[in-house]
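Listing of protein23.pdb, PDB, N, CA and C atoms and all ligand atoms
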ATOM      1  N   MET A 878     -43.194  -0.999 -74.507
ATOM      2  CA  MET A 878     -43.301  -0.092 -73.363
ATOM      3  C   MET A 878     -42.701  -0.729 -72.134
ATOM      4  N   SER A 879     -42.129   0.077 -71.317
ATOM      5  CA  SER A 879     -41.616  -0.388 -70.043
ATOM      6  C   SER A 879     -41.705   0.767 -69.061
ATOM      7  N   VAL A 880     -41.298   0.507 -67.846
ATOM      8  CA  VAL A 880     -41.353   1.526 -66.817
ATOM      9  C   VAL A 880     -39.932   1.842 -66.368
ATOM     10  N   ILE A 881     -39.617   3.105 -66.290
ATOM     11  CA  ILE A 881     -38.320   3.461 -65.734
ATOM     12  C   ILE A 881     -38.522   4.229 -64.434
ATOM     13  N   VAL A 882     -37.576   4.066 -63.536
ATOM     14  CA  VAL A 882     -37.638   4.720 -62.236
ATOM     15  C   VAL A 882     -36.592   5.823 -62.207
ATOM     16  N   ASN A 883     -37.052   7.028 -61.893
ATOM     17  CA  ASN A 883     -36.112   8.127 -61.737
ATOM     18  C   ASN A 883     -35.556   8.063 -60.318
ATOM     19  N   ARG A 884     -34.326   7.610 -60.198
ATOM     20  CA  ARG A 884     -33.770   7.389 -58.863
ATOM     21  C   ARG A 884     -33.505   8.681 -58.097
ATOM     22  N   TYR A 885     -33.488   9.802 -58.792
ATOM     23  CA  TYR A 885     -33.297  11.071 -58.097
ATOM     24  C   TYR A 885     -34.597  11.577 -57.492
ATOM     25  N   LYS A 886     -35.718  11.124 -58.052
ATOM     26  CA  LYS A 886     -37.020  11.554 -57.535
ATOM     27  C   LYS A 886     -37.595  10.569 -56.532
ATOM     28  N   CYS A 887     -37.366   9.293 -56.742
ATOM     29  CA  CYS A 887     -37.976   8.249 -55.918
ATOM     30  C   CYS A 887     -37.627   8.402 -54.438
ATOM     31  N   GLY A 888     -38.667   8.340 -53.582
ATOM     32  CA  GLY A 888     -38.461   8.434 -52.145
ATOM     33  C   GLY A 888     -38.527   7.085 -51.463
ATOM     34  N   TYR A 889     -38.603   6.018 -52.235
ATOM     35  CA  TYR A 889     -38.647   4.643 -51.712
ATOM     36  C   TYR A 889     -39.770   4.428 -50.709
ATOM     37  N   CYS A 890     -40.927   5.021 -51.029
ATOM     38  CA  CYS A 890     -42.068   4.891 -50.129
ATOM     39  C   CYS A 890     -42.708   3.522 -50.247
ATOM     40  N   GLY A 891     -42.503   2.850 -51.384
ATOM     41  CA  GLY A 891     -43.037   1.502 -51.574
ATOM     42  C   GLY A 891     -44.459   1.439 -52.103
ATOM     43  N   ALA A 892     -45.084   2.589 -52.340
ATOM     44  CA  ALA A 892     -46.470   2.622 -52.809
ATOM     45  C   ALA A 892     -46.658   1.891 -54.131
ATOM     46  N   CYS A 893     -45.707   2.057 -55.030
ATOM     47  CA  CYS A 893     -45.813   1.436 -56.351
ATOM     48  C   CYS A 893     -45.722  -0.088 -56.271
ATOM     49  N   VAL A 894     -44.923  -0.577 -55.339
ATOM     50  CA  VAL A 894     -44.745  -2.025 -55.180
ATOM     51  C   VAL A 894     -46.084  -2.684 -54.842
ATOM     52  N   GLY A 895     -46.845  -2.043 -53.960
ATOM     53  CA  GLY A 895     -48.123  -2.601 -53.534
ATOM     54  C   GLY A 895     -49.206  -2.530 -54.587
ATOM     55  N   VAL A 896     -49.110  -1.573 -55.485
ATOM     56  CA  VAL A 896     -50.181  -1.353 -56.461
ATOM     57  C   VAL A 896     -50.009  -2.174 -57.738
ATOM     58  N   CYS A 897     -48.817  -2.683 -57.985
ATOM     59  CA  CYS A 897     -48.576  -3.428 -59.220
ATOM     60  C   CYS A 897     -49.365  -4.739 -59.243
ATOM     61  N   PRO A 898     -50.240  -4.925 -60.241
ATOM     62  CA  PRO A 898     -51.089  -6.121 -60.288
ATOM     63  C   PRO A 898     -50.332  -7.410 -60.583
ATOM     64  N   VAL A 899     -49.156  -7.300 -61.149
ATOM     65  CA  VAL A 899     -48.398  -8.516 -61.479
ATOM     66  C   VAL A 899     -47.134  -8.675 -60.628
ATOM     67  N   GLY A 900     -46.974  -7.791 -59.653
ATOM     68  CA  GLY A 900     -45.815  -7.896 -58.764
ATOM     69  C   GLY A 900     -44.483  -7.691 -59.458
ATOM     70  N   ALA A 901     -44.467  -6.802 -60.433
ATOM     71  CA  ALA A 901     -43.245  -6.589 -61.214
ATOM     72  C   ALA A 901     -42.264  -5.644 -60.529
ATOM     73  N   LEU A 902     -42.733  -4.951 -59.493
ATOM     74  CA  LEU A 902     -41.875  -3.985 -58.818
ATOM     75  C   LEU A 902     -41.375  -4.520 -57.494
ATOM     76  N   GLU A 903     -40.124  -4.277 -57.231
ATOM     77  CA  GLU A 903     -39.539  -4.751 -55.992
ATOM     78  C   GLU A 903     -38.665  -3.655 -55.403
ATOM     79  N   LEU A 904     -38.816  -3.449 -54.100
ATOM     80  CA  LEU A 904     -37.983  -2.472 -53.406
ATOM     81  C   LEU A 904     -36.711  -3.188 -52.965
ATOM     82  N   ALA A 905     -35.619  -2.916 -53.667
ATOM     83  CA  ALA A 905     -34.363  -3.591 -53.382
ATOM     84  C   ALA A 905     -33.380  -2.599 -52.769
ATOM     85  N   GLU A 906     -33.263  -2.637 -51.467
ATOM     86  CA  GLU A 906     -32.401  -1.722 -50.710
ATOM     87  C   GLU A 906     -32.648  -0.264 -51.074
ATOM     88  N   THR A 907     -31.898   0.304 -51.977
ATOM     89  CA  THR A 907     -32.104   1.712 -52.310
ATOM     90  C   THR A 907     -32.529   1.887 -53.766
ATOM     91  N   TRP A 908     -33.298   0.930 -54.256
ATOM     92  CA  TRP A 908     -33.608   0.951 -55.674
ATOM     93  C   TRP A 908     -34.912   0.231 -55.931
ATOM     94  N   ILE A 909     -35.726   0.744 -56.820
ATOM     95  CA  ILE A 909     -36.931   0.048 -57.244
ATOM     96  C   ILE A 909     -36.586  -0.730 -58.504
ATOM     97  N   GLU A 910     -36.822  -2.029 -58.469
ATOM     98  CA  GLU A 910     -36.530  -2.834 -59.644
ATOM     99  C   GLU A 910     -37.810  -3.227 -60.357
ATOM    100  N   VAL A 911     -37.770  -3.169 -61.676
ATOM    101  CA  VAL A 911     -38.907  -3.562 -62.499
ATOM    102  C   VAL A 911     -38.504  -4.825 -63.242
ATOM    103  N   ASP A 912     -39.259  -5.894 -63.080
ATOM    104  CA  ASP A 912     -38.881  -7.095 -63.817
ATOM    105  C   ASP A 912     -39.705  -7.240 -65.097
ATOM    106  N   ASN A 913     -39.415  -8.261 -65.869
ATOM    107  CA  ASN A 913     -40.010  -8.374 -67.201
ATOM    108  C   ASN A 913     -41.462  -8.871 -67.222
ATOM    109  N   THR A 914     -42.081  -8.998 -66.042
ATOM    110  CA  THR A 914     -43.507  -9.330 -66.028
ATOM    111  C   THR A 914     -44.360  -8.070 -66.151
ATOM    112  N   CYS A 915     -43.734  -6.917 -66.147
ATOM    113  CA  CYS A 915     -44.456  -5.647 -66.265
ATOM    114  C   CYS A 915     -45.270  -5.609 -67.557
ATOM    115  N   THR A 916     -46.560  -5.246 -67.408
ATOM    116  CA  THR A 916     -47.447  -5.177 -68.567
ATOM    117  C   THR A 916     -47.659  -3.732 -69.030
ATOM    118  N   SER A 917     -46.909  -2.811 -68.456
ATOM    119  CA  SER A 917     -47.026  -1.384 -68.779
ATOM    120  C   SER A 917     -48.440  -0.845 -68.579
ATOM    121  N   CYS A 918     -49.098  -1.315 -67.509
ATOM    122  CA  CYS A 918     -50.475  -0.884 -67.250
ATOM    123  C   CYS A 918     -50.535   0.567 -66.782
ATOM    124  N   GLY A 919     -49.437   1.046 -66.220
ATOM    125  CA  GLY A 919     -49.394   2.446 -65.791
ATOM    126  C   GLY A 919     -49.883   2.713 -64.383
ATOM    127  N   ALA A 920     -50.333   1.687 -63.674
ATOM    128  CA  ALA A 920     -50.867   1.865 -62.320
ATOM    129  C   ALA A 920     -49.829   2.456 -61.373
ATOM    130  N   CYS A 921     -48.591   1.989 -61.484
ATOM    131  CA  CYS A 921     -47.535   2.475 -60.585
ATOM    132  C   CYS A 921     -47.224   3.941 -60.848
ATOM    133  N   ALA A 922     -47.216   4.310 -62.125
ATOM    134  CA  ALA A 922     -46.917   5.696 -62.484
ATOM    135  C   ALA A 922     -47.983   6.643 -61.928
ATOM    136  N   LYS A 923     -49.242   6.160 -61.888
ATOM    137  CA  LYS A 923     -50.340   6.977 -61.358
ATOM    138  C   LYS A 923     -50.247   7.125 -59.849
ATOM    139  N   ILE A 924     -49.833   6.074 -59.156
ATOM    140  CA  ILE A 924     -49.832   6.096 -57.693
ATOM    141  C   ILE A 924     -48.620   6.823 -57.120
ATOM    142  N   CYS A 925     -47.530   6.866 -57.859
ATOM    143  CA  CYS A 925     -46.299   7.454 -57.314
ATOM    144  C   CYS A 925     -46.514   8.922 -56.916
ATOM    145  N   PRO A 926     -46.314   9.253 -55.638
ATOM    146  CA  PRO A 926     -46.568  10.618 -55.161
ATOM    147  C   PRO A 926     -45.581  11.657 -55.684
ATOM    148  N   VAL A 927     -44.439  11.214 -56.147
ATOM    149  CA  VAL A 927     -43.429  12.169 -56.608
ATOM    150  C   VAL A 927     -43.177  12.113 -58.120
ATOM    151  N   GLY A 928     -43.951  11.297 -58.821
ATOM    152  CA  GLY A 928     -43.795  11.208 -60.270
ATOM    153  C   GLY A 928     -42.476  10.602 -60.714
ATOM    154  N   ALA A 929     -41.999   9.637 -59.962
ATOM    155  CA  ALA A 929     -40.693   9.056 -60.280
ATOM    156  C   ALA A 929     -40.768   7.941 -61.315
ATOM    157  N   LEU A 930     -41.971   7.446 -61.574
ATOM    158  CA  LEU A 930     -42.113   6.348 -62.524
ATOM    159  C   LEU A 930     -42.647   6.869 -63.843
ATOM    160  N   GLU A 931     -42.026   6.440 -64.895
ATOM    161  CA  GLU A 931     -42.383   6.923 -66.218
ATOM    162  C   GLU A 931     -42.523   5.755 -67.177
ATOM    163  N   LEU A 932     -43.595   5.761 -67.956
ATOM    164  CA  LEU A 932     -43.754   4.745 -68.991
ATOM    165  C   LEU A 932     -42.992   5.220 -70.220
ATOM    166  N   VAL A 933     -42.136   4.376 -70.724
ATOM    167  CA  VAL A 933     -41.329   4.756 -71.879
ATOM    168  C   VAL A 933     -41.416   3.684 -72.962
ATOM    169  N   VAL A 934     -41.234   4.118 -74.176
ATOM    170  CA  VAL A 934     -41.200   3.181 -75.291
ATOM    171  C   VAL A 934     -39.753   2.754 -75.496
ATOM    172  N   ILE A 935     -39.518   1.455 -75.399
ATOM    173  CA  ILE A 935     -38.171   0.917 -75.609
ATOM    174  C   ILE A 935     -38.064   0.452 -77.062
ATOM    175  N   ARG A 936     -37.133   0.996 -77.782
ATOM    176  CA  ARG A 936     -36.947   0.593 -79.171
ATOM    177  C   ARG A 936     -35.807  -0.384 -79.306
TER     178      ARG A 936
HETATM  179  S1  LIG B1001     -46.739  -0.460 -65.300
HETATM  180 FE1  LIG B1001     -48.194  -1.846 -64.222
HETATM  181  S2  LIG B1001     -47.301  -3.892 -64.479
HETATM  182 FE2  LIG B1001     -45.665  -2.429 -64.929
HETATM  183  S3  LIG B1001     -44.565  -2.138 -62.982
HETATM  184 FE3  LIG B1001     -46.142  -0.527 -63.117
HETATM  185  S4  LIG B1001     -47.936  -1.327 -62.030
HETATM  186 FE4  LIG B1001     -46.567  -3.077 -62.513
HETATM  187  S1  LIG B1002     -44.238   5.134 -55.541
HETATM  188 FE1  LIG B1002     -42.655   6.443 -56.466
HETATM  189  S2  LIG B1002     -41.494   7.302 -54.717
HETATM  190 FE2  LIG B1002     -42.667   5.521 -53.974
HETATM  191  S3  LIG B1002     -41.223   3.791 -54.135
HETATM  192 FE3  LIG B1002     -42.458   3.848 -56.038
HETATM  193  S4  LIG B1002     -41.220   5.058 -57.497
HETATM  194 FE4  LIG B1002     -40.425   5.453 -55.437
END

What is this structure when it is put down as structure tokens?
Amino acid sequence: MSVIVNRYKCGYCGACVGVCPVGALELAETWIEVDNTCTSCGACAKICPVGALELVVIR
């Protein structure tokens, strides 16, 4: 599992960055970056006001 950011929906509010327990999210200029410390806890997906974060299964 990993998290993907829908760049067309994301408003760069930064809410997800603050809620991540492992600091896996970073607001990089005009993009939210997810690094490999993500545990797929889903906290960011729940907090995102526009539903831009999605948990996906990476095969
Ligand atoms: S799923 Fe959890 S660990 Fe992964 S980026 Fe979101 S808040 Fe952080
Ligand atoms: S909470 Fe959602 S809209 Fe806000 S920065 Fe994160 S992905 Fe973008």

Identify, counting only N, CA and C atoms and all ligand atoms, the protein, DNA and RNA residues located within 6 Å of ligand LIG 1002 (chain B), and give them as a PDB file with N, CA and C atoms, in the frame of the given file.
ATOM      1  N   VAL A 882     -37.576   4.066 -63.536  1.00  0.00           N
ATOM      2  CA  VAL A 882     -37.638   4.720 -62.236  1.00  0.00           C
ATOM      3  C   VAL A 882     -36.592   5.823 -62.207  1.00  0.00           C
ATOM      4  N   LYS A 886     -35.718  11.124 -58.052  1.00  0.00           N
ATOM      5  CA  LYS A 886     -37.020  11.554 -57.535  1.00  0.00           C
ATOM      6  C   LYS A 886     -37.595  10.569 -56.532  1.00  0.00           C
ATOM      7  N   CYS A 887     -37.366   9.293 -56.742  1.00  0.00           N
ATOM      8  CA  CYS A 887     -37.976   8.249 -55.918  1.00  0.00           C
ATOM      9  C   CYS A 887     -37.627   8.402 -54.438  1.00  0.00           C
ATOM     10  N   GLY A 888     -38.667   8.340 -53.582  1.00  0.00           N
ATOM     11  CA  GLY A 888     -38.461   8.434 -52.145  1.00  0.00           C
ATOM     12  C   GLY A 888     -38.527   7.085 -51.463  1.00  0.00           C
ATOM     13  N   TYR A 889     -38.603   6.018 -52.235  1.00  0.00           N
ATOM     14  CA  TYR A 889     -38.647   4.643 -51.712  1.00  0.00           C
ATOM     15  C   TYR A 889     -39.770   4.428 -50.709  1.00  0.00           C
ATOM     16  N   CYS A 890     -40.927   5.021 -51.029  1.00  0.00           N
ATOM     17  CA  CYS A 890     -42.068   4.891 -50.129  1.00  0.00           C
ATOM     18  C   CYS A 890     -42.708   3.522 -50.247  1.00  0.00           C
ATOM     19  N   GLY A 891     -42.503   2.850 -51.384  1.00  0.00           N
ATOM     20  CA  GLY A 891     -43.037   1.502 -51.574  1.00  0.00           C
ATOM     21  C   GLY A 891     -44.459   1.439 -52.103  1.00  0.00           C
ATOM     22  N   ALA A 892     -45.084   2.589 -52.340  1.00  0.00           N
ATOM     23  CA  ALA A 892     -46.470   2.622 -52.809  1.00  0.00           C
ATOM     24  C   ALA A 892     -46.658   1.891 -54.131  1.00  0.00           C
ATOM     25  N   CYS A 893     -45.707   2.057 -55.030  1.00  0.00           N
ATOM     26  CA  CYS A 893     -45.813   1.436 -56.351  1.00  0.00           C
ATOM     27  C   CYS A 893     -45.722  -0.088 -56.271  1.00  0.00           C
ATOM     28  N   VAL A 894     -44.923  -0.577 -55.339  1.00  0.00           N
ATOM     29  CA  VAL A 894     -44.745  -2.025 -55.180  1.00  0.00           C
ATOM     30  C   VAL A 894     -46.084  -2.684 -54.842  1.00  0.00           C
ATOM     31  N   ILE A 924     -49.833   6.074 -59.156  1.00  0.00           N
ATOM     32  CA  ILE A 924     -49.832   6.096 -57.693  1.00  0.00           C
ATOM     33  C   ILE A 924     -48.620   6.823 -57.120  1.00  0.00           C
ATOM     34  N   CYS A 925     -47.530   6.866 -57.859  1.00  0.00           N
ATOM     35  CA  CYS A 925     -46.299   7.454 -57.314  1.00  0.00           C
ATOM     36  C   CYS A 925     -46.514   8.922 -56.916  1.00  0.00           C
ATOM     37  N   PRO A 926     -46.314   9.253 -55.638  1.00  0.00           N
ATOM     38  CA  PRO A 926     -46.568  10.618 -55.161  1.00  0.00           C
ATOM     39  C   PRO A 926     -45.581  11.657 -55.684  1.00  0.00           C
ATOM     40  N   VAL A 927     -44.439  11.214 -56.147  1.00  0.00           N
ATOM     41  CA  VAL A 927     -43.429  12.169 -56.608  1.00  0.00           C
ATOM     42  C   VAL A 927     -43.177  12.113 -58.120  1.00  0.00           C
ATOM     43  N   GLY A 928     -43.951  11.297 -58.821  1.00  0.00           N
ATOM     44  CA  GLY A 928     -43.795  11.208 -60.270  1.00  0.00           C
ATOM     45  C   GLY A 928     -42.476  10.602 -60.714  1.00  0.00           C
ATOM     46  N   ALA A 929     -41.999   9.637 -59.962  1.00  0.00           N
ATOM     47  CA  ALA A 929     -40.693   9.056 -60.280  1.00  0.00           C
ATOM     48  C   ALA A 929     -40.768   7.941 -61.315  1.00  0.00           C
ATOM     49  N   LEU A 930     -41.971   7.446 -61.574  1.00  0.00           N
ATOM     50  CA  LEU A 930     -42.113   6.348 -62.524  1.00  0.00           C
ATOM     51  C   LEU A 930     -42.647   6.869 -63.843  1.00  0.00           C
TER      52      LEU A 930
END

List as a PyMOL selection string the protein and nucleic acid residues lying within 6 Å of ligand LIG 1001 (chain B), with all atoms listed in the file counted.
chain A and resi 880+896-902+911+914-922

Restricting it to N, CA and C atoms, dump the selection as a compact mmCIF listing (two decimals), in the frame of the given file.
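Listing of result_23.txt after writing:
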# COMPACT_ATOMS: atom_id res chain seq x y z
N VAL A 880 -41.30 0.51 -67.85
CA VAL A 880 -41.35 1.53 -66.82
C VAL A 880 -39.93 1.84 -66.37
N VAL A 896 -49.11 -1.57 -55.48
CA VAL A 896 -50.18 -1.35 -56.46
C VAL A 896 -50.01 -2.17 -57.74
N CYS A 897 -48.82 -2.68 -57.98
CA CYS A 897 -48.58 -3.43 -59.22
C CYS A 897 -49.36 -4.74 -59.24
N PRO A 898 -50.24 -4.92 -60.24
CA PRO A 898 -51.09 -6.12 -60.29
C PRO A 898 -50.33 -7.41 -60.58
N VAL A 899 -49.16 -7.30 -61.15
CA VAL A 899 -48.40 -8.52 -61.48
C VAL A 899 -47.13 -8.68 -60.63
N GLY A 900 -46.97 -7.79 -59.65
CA GLY A 900 -45.82 -7.90 -58.76
C GLY A 900 -44.48 -7.69 -59.46
N ALA A 901 -44.47 -6.80 -60.43
CA ALA A 901 -43.24 -6.59 -61.21
C ALA A 901 -42.26 -5.64 -60.53
N LEU A 902 -42.73 -4.95 -59.49
CA LEU A 902 -41.88 -3.98 -58.82
C LEU A 902 -41.38 -4.52 -57.49
N VAL A 911 -37.77 -3.17 -61.68
CA VAL A 911 -38.91 -3.56 -62.50
C VAL A 911 -38.50 -4.82 -63.24
N THR A 914 -42.08 -9.00 -66.04
CA THR A 914 -43.51 -9.33 -66.03
C THR A 914 -44.36 -8.07 -66.15
N CYS A 915 -43.73 -6.92 -66.15
CA CYS A 915 -44.46 -5.65 -66.26
C CYS A 915 -45.27 -5.61 -67.56
N THR A 916 -46.56 -5.25 -67.41
CA THR A 916 -47.45 -5.18 -68.57
C THR A 916 -47.66 -3.73 -69.03
N SER A 917 -46.91 -2.81 -68.46
CA SER A 917 -47.03 -1.38 -68.78
C SER A 917 -48.44 -0.84 -68.58
N CYS A 918 -49.10 -1.32 -67.51
CA CYS A 918 -50.48 -0.88 -67.25
C CYS A 918 -50.54 0.57 -66.78
N GLY A 919 -49.44 1.05 -66.22
CA GLY A 919 -49.39 2.45 -65.79
C GLY A 919 -49.88 2.71 -64.38
N ALA A 920 -50.33 1.69 -63.67
CA ALA A 920 -50.87 1.86 -62.32
C ALA A 920 -49.83 2.46 -61.37
N CYS A 921 -48.59 1.99 -61.48
CA CYS A 921 -47.54 2.48 -60.58
C CYS A 921 -47.22 3.94 -60.85
N ALA A 922 -47.22 4.31 -62.12
CA ALA A 922 -46.92 5.70 -62.48
C ALA A 922 -47.98 6.64 -61.93

Record the distance separating atom C of Asp912 of chain A and atom CA of Tyr885 of chain A, expressed in Å with one decimal.
20.6 Å

In Å, how far is it from atom CA of Leu932 of chain A to atom CA of Asn883 of chain A?
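Going from atom CA of Leu932 of chain A over to atom CA of Asn883 of chain A covers 11.1 Å.
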
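Put simply, atom N of Gly895 of chain A is 27.7 Å away from atom C of Arg936 of chain A.
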
Assign secondary structure with DSSP using the backbone only, and return the residues of chain A in alpha helix (DSSP H) as a list in words.
Ala892, Cys893, Val894, Gly895, Val896, Ala920, Cys921, Ala922, Lys923 and Ile924 of chain A

Draw an axis-aligned box tight on the listed atoms of segment 911-924 of chain A, then pad every side by 5 Å and write out centre and edge lengths in Å to one decimal as JSON.
{"center_x": -44.3, "center_y": -1.1, "center_z": -63.1, "size_x": 23.1, "size_y": 26.5, "size_z": 21.9}

Pick from A:Asn913, A:Glu906, A:Ser879, A:Arg884: nearest to Val934 of chain A, with only C-alpha atoms counted?
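So, comparing all the options, the nearest one is A:Ser879.
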
Just the strand (DSSP E) stuff from chain A, please, per backbone DSSP, written as a PyMOL selection string.
chain A and resi 879-882+902-905+908-911+930-933

Please export segment 902-915 of chain A as a PDB file, in the first residue's frame, restricted to N, CA, C and O atoms.
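Written out: result.pdb:
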ATOM      1  N   LEU A 902       5.059  13.022   4.599  1.00  0.00           N
ATOM      2  CA  LEU A 902       4.552  13.964   3.609  1.00  0.00           C
ATOM      3  C   LEU A 902       5.284  15.287   3.679  1.00  0.00           C
ATOM      4  O   LEU A 902       5.566  15.805   4.755  1.00  0.00           O
ATOM      5  N   GLU A 903       5.585  15.819   2.530  1.00  0.00           N
ATOM      6  CA  GLU A 903       6.293  17.083   2.482  1.00  0.00           C
ATOM      7  C   GLU A 903       5.671  17.961   1.407  1.00  0.00           C
ATOM      8  O   GLU A 903       5.371  17.498   0.310  1.00  0.00           O
ATOM      9  N   LEU A 904       5.459  19.223   1.760  1.00  0.00           N
ATOM     10  CA  LEU A 904       4.932  20.181   0.792  1.00  0.00           C
ATOM     11  C   LEU A 904       6.121  20.775   0.045  1.00  0.00           C
ATOM     12  O   LEU A 904       6.889  21.560   0.582  1.00  0.00           O
ATOM     13  N   ALA A 905       6.302  20.342  -1.195  1.00  0.00           N
ATOM     14  CA  ALA A 905       7.442  20.786  -1.981  1.00  0.00           C
ATOM     15  C   ALA A 905       6.960  21.696  -3.106  1.00  0.00           C
ATOM     16  O   ALA A 905       6.433  21.228  -4.100  1.00  0.00           O
ATOM     17  N   GLU A 906       7.081  22.982  -2.897  1.00  0.00           N
ATOM     18  CA  GLU A 906       6.624  23.998  -3.850  1.00  0.00           C
ATOM     19  C   GLU A 906       5.183  23.771  -4.290  1.00  0.00           C
ATOM     20  O   GLU A 906       4.275  24.155  -3.600  1.00  0.00           O
ATOM     21  N   THR A 907       4.949  23.109  -5.388  1.00  0.00           N
ATOM     22  CA  THR A 907       3.572  22.913  -5.838  1.00  0.00           C
ATOM     23  C   THR A 907       3.195  21.433  -5.863  1.00  0.00           C
ATOM     24  O   THR A 907       2.431  20.982  -6.699  1.00  0.00           O
ATOM     25  N   TRP A 908       3.737  20.689  -4.914  1.00  0.00           N
ATOM     26  CA  TRP A 908       3.549  19.252  -4.972  1.00  0.00           C
ATOM     27  C   TRP A 908       3.661  18.656  -3.586  1.00  0.00           C
ATOM     28  O   TRP A 908       4.496  19.089  -2.802  1.00  0.00           O
ATOM     29  N   ILE A 909       2.833  17.692  -3.269  1.00  0.00           N
ATOM     30  CA  ILE A 909       2.959  16.958  -2.020  1.00  0.00           C
ATOM     31  C   ILE A 909       3.774  15.707  -2.309  1.00  0.00           C
ATOM     32  O   ILE A 909       3.431  14.930  -3.193  1.00  0.00           O
ATOM     33  N   GLU A 910       4.860  15.539  -1.579  1.00  0.00           N
ATOM     34  CA  GLU A 910       5.680  14.357  -1.791  1.00  0.00           C
ATOM     35  C   GLU A 910       5.490  13.363  -0.661  1.00  0.00           C
ATOM     36  O   GLU A 910       5.401  13.733   0.497  1.00  0.00           O
ATOM     37  N   VAL A 911       5.416  12.094  -1.022  1.00  0.00           N
ATOM     38  CA  VAL A 911       5.283  11.021  -0.044  1.00  0.00           C
ATOM     39  C   VAL A 911       6.578  10.226  -0.075  1.00  0.00           C
ATOM     40  O   VAL A 911       6.979   9.741  -1.128  1.00  0.00           O
ATOM     41  N   ASP A 912       7.245  10.105   1.056  1.00  0.00           N
ATOM     42  CA  ASP A 912       8.474   9.320   1.025  1.00  0.00           C
ATOM     43  C   ASP A 912       8.230   7.894   1.521  1.00  0.00           C
ATOM     44  O   ASP A 912       7.121   7.525   1.908  1.00  0.00           O
ATOM     45  N   ASN A 913       9.257   7.078   1.488  1.00  0.00           N
ATOM     46  CA  ASN A 913       9.076   5.650   1.756  1.00  0.00           C
ATOM     47  C   ASN A 913       8.931   5.283   3.239  1.00  0.00           C
ATOM     48  O   ASN A 913       8.886   4.107   3.573  1.00  0.00           O
ATOM     49  N   THR A 914       8.826   6.293   4.111  1.00  0.00           N
ATOM     50  CA  THR A 914       8.542   5.984   5.514  1.00  0.00           C
ATOM     51  C   THR A 914       7.039   5.848   5.748  1.00  0.00           C
ATOM     52  O   THR A 914       6.604   5.506   6.837  1.00  0.00           O
ATOM     53  N   CYS A 915       6.246   6.114   4.737  1.00  0.00           N
ATOM     54  CA  CYS A 915       4.789   6.009   4.850  1.00  0.00           C
ATOM     55  C   CYS A 915       4.383   4.595   5.263  1.00  0.00           C
ATOM     56  O   CYS A 915       4.831   3.619   4.687  1.00  0.00           O
TER      57      CYS A 915
END
